[in-house]
Amino acid sequence: MIVSIQLNGKKIVDDISPDMTLFKFVREHGCYSVKCGCETTNCGLCTVFFDGKPILSCAMLAARADGHRVETLEGLQKEAEEFGQFIADQGAEQCGFCNPGMIMNAIALFRENPEPTDDEIKRYLAGNLCRCSGYEGQLRGIHAFMEYKKQGGAACE
Amino acid sequence: MRVVGQRIRKKDAMQLVTGKPVYMDDVAPKDCLIVKILRSPHANALIEDINIATAMKVPGIEVIYTWKDVPNVRFAQAGQTYPEWSPYDRLILDQHVRFVGDAVAIVAGENEACVDRALKMIKVKYKVLPALLDYHESIDNEILVHPEDNWESLYPVGADNKRNICSHMEESHGDLEGTFADCDIVLERTYHVPAVNQAMMETFRTACYIDTYGRLVVLSSTQIVYHVRRILARALGIPQSKIRSLKPRIGGGFGAKQTVVTEIYPAFVTWHTKKPSKLIYSRYESQIAGSPRHEMDIRVKIGADKDGTLRAFDLYNLSNTGAYGDHGPTTAGLTGHKSMPLYTGNMEAFRHVFDVVYTNTLATGAYRGYGATQGIFALESLVNELADILHMDPVELRLKNVVREGMVMPAYFNEPAASCRLDECLVRAAEMIGWKDKYPCRDMGNGKVRSVGIAMAMQGSCISYVDVGSATISLNEDGSYRLAIAAADMGTGCDTILAQMAAECLEVSVDEIFVSGADTDSSPYDSGSYASSTTYITGQAVVKAATELKKRICTLAARMLECDVDDLEYDGHVAKDIKTGKSVTLQDIGFKAQCFNDLALQVTESHTSPVSPPPYMAGAVEIELDKETGHVEILDYAAVVDCGTVVNPNLATIQVEGGLGQGIGMTLFENIQYSDKGVLRNNSLMQYKIPTRRDVGTLRVEFKPSYEPTGPFGVKSIGEIVINTPAPALAQAIHNATGGYFRDLPITSEKIAMYCLEHENE
């Protein structure tokens, strides 16, 4: 079947199998930041934006994205870098495999709620599993990012 | 020190946080055949007939292999130095399948859909045999997991496949029975730890292709590139010179990837078809056919005096290695020799005996902690119980008996505790958690109880007399350096901390050094990243190589300046003849090295060690337990670690926090359950619950760095020890809240609630 999906701002028309997941679709179109960790919607690694909202791409058919906007970290490089450096400053990226999904969801969180409490952060990101960090370093990074944003987003690096 | 000890960003950090394509499936050739495995539905069976004719007709199928197609040469998948302690008990495919999930056929085709279709069309006729599922019944059972005559054990570990024994060993010191008889109190308990999974976020995976020279290239998510090469050479029956093994970034390992879990299948496909291929395990496959922790029963006996002097220790562990013996003998050894030495203080006698046995369950492997985790859960839990009986504070009881710097540890191969601040770790962890005020518990008056628990841990810093680490450092023309290693950065940051050590020696910044590896074609030999060895062993190789290289740089500079080396002043970037004031820059030296020069500014050094200095730590936890639901909320976890010199405080801290997270998971949630037919139930992250960020509570980490004289810059290790305290500390906190002693992991809410219900009126 033919679908037309706007992927990271670029319109892609493709002939796909009806059972293709959105996860497979975005990777086949070069968005390698999107990972799969579980196939059962438990890990959050495959998070992408669907019309601006975070969804799990392993649990959505590419066919359903026909006519919609899909974004991955490849399309959010500036935001990824701006936020990610605070994770990097903690060493909390570790193996890095879960980072794109977590960072996508963190970007979504801050778009919705620029000053979340710790409880709100933990709830929002609860579906983003990480096996390396114990999460504490990610939380420190998020705090540092919020502080930086509060100061007007200056003094990068 | 300028660079060692600094909070430096990981060299790959920004690439990782921006989602760049650096992992195996991001960089694998795009035209790979897709490889999948047909798996046995039976726990023990013989393949009487296997028919692939129909499956081969599926359009797109390239090849299907069965047991008839592979060499009849047994090998071990465990990534260990030759001769491995693990038995040679595997074939690539075997007519005899030994657990639910064992490999039956390899299918390769041009896409996933055709391979999935073909998998369903392979007709297998099994002769189903009775299965041996209970490891307590393994020894001398009439069901033999490995009846075959070409089963082989290379090392004298007491193995006997005709008795289902993968290993049996004994070790003792002092007059054990006499000391027990003389003690005021002797306490004995048995503990159980299930075969929990590493659950690294990136599942097992490998891609293979043929290179310019017709050699097999194995691009694998592995911690052990050199062992991969050796194991594949044996299994495929080809020379090691025909194989190149390399790793891209790894999405987590934790020991899982110290075993050759997936590599053999695409390697076999590519070697025979000469076409690129890849195998990516699903999470389901990683759970049911991975390489988890060894399930164990640990029986510990302690002899003590009324005043709390711990004098005699007897530890027996029965370890279930599952269908294959990878890492079986070695893990079981750690259960004793990385637990009991904690109590060297007043130890007069000890004994450690273990059996490692085969069953028709999932084969096990290496998981952070590697047997020590099981032993420490048992021993530390028993010491906490003993403290209750003696009416002593568990912290005081430990302080009276802990190993202290300068002591010789009989239960640790008589190695000296040359660097040890365990006592200070314990005092500080107790202080951080508020032990004096909070022990044992406070009833909150709303059905909830707040309580605390504490435990200590140790590990090693390498495998003594075995591990080899190497480093090659070379000076580039522009004055930058290349550091080549075959240790595997699996997210831990070893590329960065090894560069920090090199930078310290060479008097440059970390940014002036780039790191390459791990690749058997271009990295010097390294056993690989396991046994907590990289910082301690490979680190020392880096120091040796950097030191020698610096000497050579000065020699070449002196030649250029036509002066004596002794008259040279060198600051890492400029070499100056102090007599004439003339100087050359590092860049000048770099260019000179490549023009009319015979002094190689490239040095390779190796390191190995006769000792494995233990890091030590203490962990204390405060929980709030709901007696009605059994829910345990972790309020605060305080961990204080003596890992020797801390090379990079950020990365060391995250190691601790991550290890605590995994330890909390295995203590409270992560379970391994089989059906009565041997089918593993916890086969997805839906059933196998690893902690989310709402489950771990606040983790606080501090360091008490000792100085290890045999380590580079005084380092020991940190990678594994950090998973060892949560189980005993949480078990004690749960005891303090409920009165129940929980000796069987995981301690689920259900178990706690049932206990509270049964003891409501006490």
# chains A, B, ... in the order shown; residues from 1 in each chain; ligands from 1
$ residues_around --residues "Ile12 of chain A" --least-positions-apart "6" --cutoff "9 Å" --atoms "only C-alpha atoms" --output "list in words"
Val3, Ser4, Ile5, Gln6 and His29 of chain A
$ interface_residues --of "chain A" --to "chain B" --cutoff "6 Å" --atoms "only C-alpha atoms" --output "PyMOL selection string"
chain A and resi 32-33+37-38+80-81+84+88-91+94-97+99-100+122+126+129+131-135
$ write_last_selection --atoms "N, CA, C and O atoms" --output "tab-separated table (two decimals), in the first residue's frame"
chain	number	residue	atom	x	y	z
A	32	TYR	N	18.03	6.09	12.38
A	32	TYR	CA	18.61	5.02	13.19
A	32	TYR	C	18.63	5.35	14.69
A	32	TYR	O	18.97	4.49	15.49
A	33	SER	N	18.29	6.56	15.05
A	33	SER	CA	18.23	6.87	16.49
A	33	SER	C	17.13	6.07	17.17
A	33	SER	O	17.17	5.82	18.36
A	37	GLY	N	13.75	-2.14	22.09
A	37	GLY	CA	14.32	-2.84	23.24
A	37	GLY	C	13.45	-3.97	23.74
A	37	GLY	O	13.86	-4.74	24.60
A	38	CYS	N	12.18	-4.05	23.26
A	38	CYS	CA	11.33	-5.05	23.90
A	38	CYS	C	10.22	-5.64	23.03
A	38	CYS	O	9.74	-6.71	23.30
A	80	ALA	N	18.11	18.00	20.97
A	80	ALA	CA	18.79	16.82	21.53
A	80	ALA	C	20.14	17.23	22.10
A	80	ALA	O	20.52	16.81	23.19
A	81	GLU	N	20.84	18.06	21.36
A	81	GLU	CA	22.16	18.49	21.79
A	81	GLU	C	22.05	19.39	23.03
A	81	GLU	O	22.80	19.24	23.99
A	84	GLY	N	20.81	17.06	25.78
A	84	GLY	CA	21.70	15.90	25.96
A	84	GLY	C	23.01	16.24	26.64
A	84	GLY	O	23.58	15.41	27.35
A	88	ALA	N	25.12	14.17	29.37
A	88	ALA	CA	26.54	13.85	29.15
A	88	ALA	C	27.40	14.37	30.30
A	88	ALA	O	28.37	13.72	30.69
A	89	ASP	N	27.05	15.52	30.84
A	89	ASP	CA	27.84	16.09	31.94
A	89	ASP	C	27.76	15.25	33.21
A	89	ASP	O	28.56	15.42	34.12
A	90	GLN	N	26.79	14.37	33.27
A	90	GLN	CA	26.68	13.45	34.41
A	90	GLN	C	27.28	12.08	34.10
A	90	GLN	O	27.39	11.23	34.98
A	91	GLY	N	27.60	11.85	32.83
A	91	GLY	CA	28.00	10.50	32.42
A	91	GLY	C	26.81	9.57	32.40
A	91	GLY	O	26.95	8.35	32.33
A	94	GLN	N	25.67	6.67	29.61
A	94	GLN	CA	26.20	5.29	29.66
A	94	GLN	C	26.18	4.62	28.28
A	94	GLN	O	26.76	5.16	27.36
A	95	CYS	N	25.51	3.48	28.14
A	95	CYS	CA	25.60	2.78	26.86
A	95	CYS	C	24.90	3.55	25.75
A	95	CYS	O	25.18	3.35	24.58
A	96	GLY	N	23.97	4.41	26.12
A	96	GLY	CA	23.36	5.31	25.15
A	96	GLY	C	22.18	4.76	24.39
A	96	GLY	O	21.48	5.49	23.70
A	97	PHE	N	21.94	3.47	24.52
A	97	PHE	CA	20.93	2.82	23.67
A	97	PHE	C	19.52	3.33	23.97
A	97	PHE	O	18.69	3.42	23.08
A	99	ASN	N	18.90	6.33	25.23
A	99	ASN	CA	18.88	7.79	25.28
A	99	ASN	C	17.95	8.46	24.28
A	99	ASN	O	17.19	9.35	24.66
A	100	PRO	N	17.98	8.08	22.98
A	100	PRO	CA	17.10	8.79	22.05
A	100	PRO	C	15.63	8.75	22.49
A	100	PRO	O	14.95	9.79	22.47
A	122	LYS	N	9.37	11.87	37.01
A	122	LYS	CA	9.42	10.41	37.12
A	122	LYS	C	8.19	9.75	36.52
A	122	LYS	O	8.27	8.68	35.92
A	126	ALA	N	8.42	7.45	33.19
A	126	ALA	CA	8.42	6.11	33.79
A	126	ALA	C	8.49	5.02	32.73
A	126	ALA	O	9.04	3.94	32.97
A	129	LEU	N	12.71	2.99	30.01
A	129	LEU	CA	13.60	2.17	30.84
A	129	LEU	C	15.06	2.44	30.52
A	129	LEU	O	15.42	2.77	29.39
A	131	ARG	N	18.82	0.54	31.82
A	131	ARG	CA	19.37	-0.52	32.66
A	131	ARG	C	20.76	-0.15	33.18
A	131	ARG	O	21.29	-0.84	34.04
A	132	CYS	N	21.35	0.93	32.66
A	132	CYS	CA	22.71	1.28	33.06
A	132	CYS	C	22.77	2.23	34.24
A	132	CYS	O	23.62	2.09	35.11
A	133	SER	N	21.92	3.24	34.24
A	133	SER	CA	22.19	4.42	35.07
A	133	SER	C	21.55	4.41	36.44
A	133	SER	O	21.94	5.18	37.31
A	134	GLY	N	20.55	3.57	36.67
A	134	GLY	CA	19.82	3.67	37.93
A	134	GLY	C	18.99	4.94	38.00
A	134	GLY	O	18.43	5.26	39.06
A	135	TYR	N	18.94	5.68	36.89
A	135	TYR	CA	18.08	6.87	36.70
A	135	TYR	C	18.52	8.11	37.46
A	135	TYR	O	18.13	9.23	37.13
$ select_by_dssp --residues "chain A" --states "alpha helix (DSSP H)" --output "ChimeraX atom specification"
/A:22-28,77-88,99-112,118-124,136-150
$ residues_around --residues "Thr580 of chain B" --least-positions-apart "3" --cutoff "10 Å" --atoms "only C-alpha atoms" --output "ChimeraX atom specification"
/B:561,563,567,576-577,583
$ write_last_selection --atoms "N, CA, C and O atoms" --output "PDB file, in the first residue's frame"
ATOM      1  N   LEU B 561      67.487  17.845  18.746  1.00  0.00           N
ATOM      2  CA  LEU B 561      68.135  19.021  19.334  1.00  0.00           C
ATOM      3  C   LEU B 561      69.637  18.796  19.523  1.00  0.00           C
ATOM      4  O   LEU B 561      70.349  19.682  19.997  1.00  0.00           O
ATOM      5  N   CYS B 563      71.195  17.030  21.661  1.00  0.00           N
ATOM      6  CA  CYS B 563      71.579  17.223  23.062  1.00  0.00           C
ATOM      7  C   CYS B 563      71.436  15.917  23.835  1.00  0.00           C
ATOM      8  O   CYS B 563      70.909  14.932  23.307  1.00  0.00           O
ATOM      9  N   ASP B 567      69.496  16.573  29.520  1.00  0.00           N
ATOM     10  CA  ASP B 567      69.414  18.045  29.469  1.00  0.00           C
ATOM     11  C   ASP B 567      68.068  18.529  28.933  1.00  0.00           C
ATOM     12  O   ASP B 567      67.877  19.714  28.673  1.00  0.00           O
ATOM     13  N   LYS B 576      62.642  21.011  25.480  1.00  0.00           N
ATOM     14  CA  LYS B 576      63.594  22.117  25.442  1.00  0.00           C
ATOM     15  C   LYS B 576      64.943  21.653  25.975  1.00  0.00           C
ATOM     16  O   LYS B 576      65.033  20.977  27.002  1.00  0.00           O
ATOM     17  N   ASP B 577      66.010  22.034  25.252  1.00  0.00           N
ATOM     18  CA  ASP B 577      67.369  21.784  25.722  1.00  0.00           C
ATOM     19  C   ASP B 577      67.693  22.894  26.729  1.00  0.00           C
ATOM     20  O   ASP B 577      67.797  24.070  26.348  1.00  0.00           O
ATOM     21  N   SER B 583      64.320  24.547  21.314  1.00  0.00           N
ATOM     22  CA  SER B 583      63.227  23.630  21.606  1.00  0.00           C
ATOM     23  C   SER B 583      62.569  23.093  20.339  1.00  0.00           C
ATOM     24  O   SER B 583      62.693  23.686  19.264  1.00  0.00           O
TER      25      SER B 583
END
$ residues_around --residues "segment 349-365 of chain B" --least-positions-apart "2" --cutoff "7 Å" --atoms "only C-alpha atoms" --output "ChimeraX atom specification"
/B:43-44,98-99,131-135,138-139,145,164-176,179,256,259,288-289,291-294,311-324,326-329,332,336,347,367,678
$ select_by_dssp --residues "segment 433-543 of chain B" --states "strand (DSSP E or B)" --output "ChimeraX atom specification"
/B:441-443,448-458,469-475,481-484,513-516,519
$ residues_around --residues "segment 56-72 of chain A" --least-positions-apart "5" --cutoff "6 Å" --atoms "only C-alpha atoms" --output "PDB file with C-alpha atoms, in the first residue's frame"
ATOM      1  CA  VAL A   3       1.545   5.905   2.247  1.00  0.00           C
ATOM      2  CA  SER A   4       2.606   9.505   2.439  1.00  0.00           C
ATOM      3  CA  ILE A   5       4.291  10.401   5.704  1.00  0.00           C
ATOM      4  CA  GLN A   6       5.993  13.618   6.661  1.00  0.00           C
ATOM      5  CA  LEU A   7       9.167  12.370   8.333  1.00  0.00           C
ATOM      6  CA  ASN A   8      11.282  15.036  10.009  1.00  0.00           C
ATOM      7  CA  MET A  20       4.859  -2.761   8.675  1.00  0.00           C
ATOM      8  CA  THR A  21       5.276  -0.999  11.999  1.00  0.00           C
ATOM      9  CA  LEU A  22       6.102   2.670  12.162  1.00  0.00           C
ATOM     10  CA  PHE A  23       9.315   1.629  13.937  1.00  0.00           C
ATOM     11  CA  CYS A  46      11.145   3.478  20.046  1.00  0.00           C
ATOM     12  CA  THR A  47       9.524   6.768  21.069  1.00  0.00           C
ATOM     13  CA  VAL A  48       8.812   9.119  18.158  1.00  0.00           C
ATOM     14  CA  PHE A  49       6.559  12.180  17.812  1.00  0.00           C
ATOM     15  CA  PHE A  50       3.307  11.611  15.993  1.00  0.00           C
ATOM     16  CA  ASP A  51       1.790  14.962  15.107  1.00  0.00           C
TER      17      ASP A  51
END
$ residues_around --residues "segment 226-240 of chain B" --least-positions-apart "6" --cutoff "8 Å" --atoms "only C-alpha atoms" --output "list in words"
Pro71, Val73, Arg74, Phe75, Ala76, Gln77, Gly79, Gln80, Thr81, Leu91, Ile92, Val260, Glu263, Ile264, Ala267, Phe268, Ala486, Thr520, Tyr525, Asp526, Ser527 and Gly528 of chain B
$ atom_distance --atom1 "atom CA of His42 of chain B" --atom2 "atom CA of Asp676 of chain B"
11.3 Å
$ residues_around --residues "His96 of chain B" --least-positions-apart "6" --cutoff "9 Å" --atoms "only C-alpha atoms" --output "list in words"
Asn44, Ala45, Leu46, Ile47, Val104 and His146 of chain B
$ atom_distance --atom1 "atom CA of Met456 of chain B" --atom2 "atom CA of Val701 of chain B"
14.2 Å
$ atom_distance --atom1 "atom CA of Pro728 of chain B" --atom2 "atom CA of Asp184 of chain B"
24.5 Å
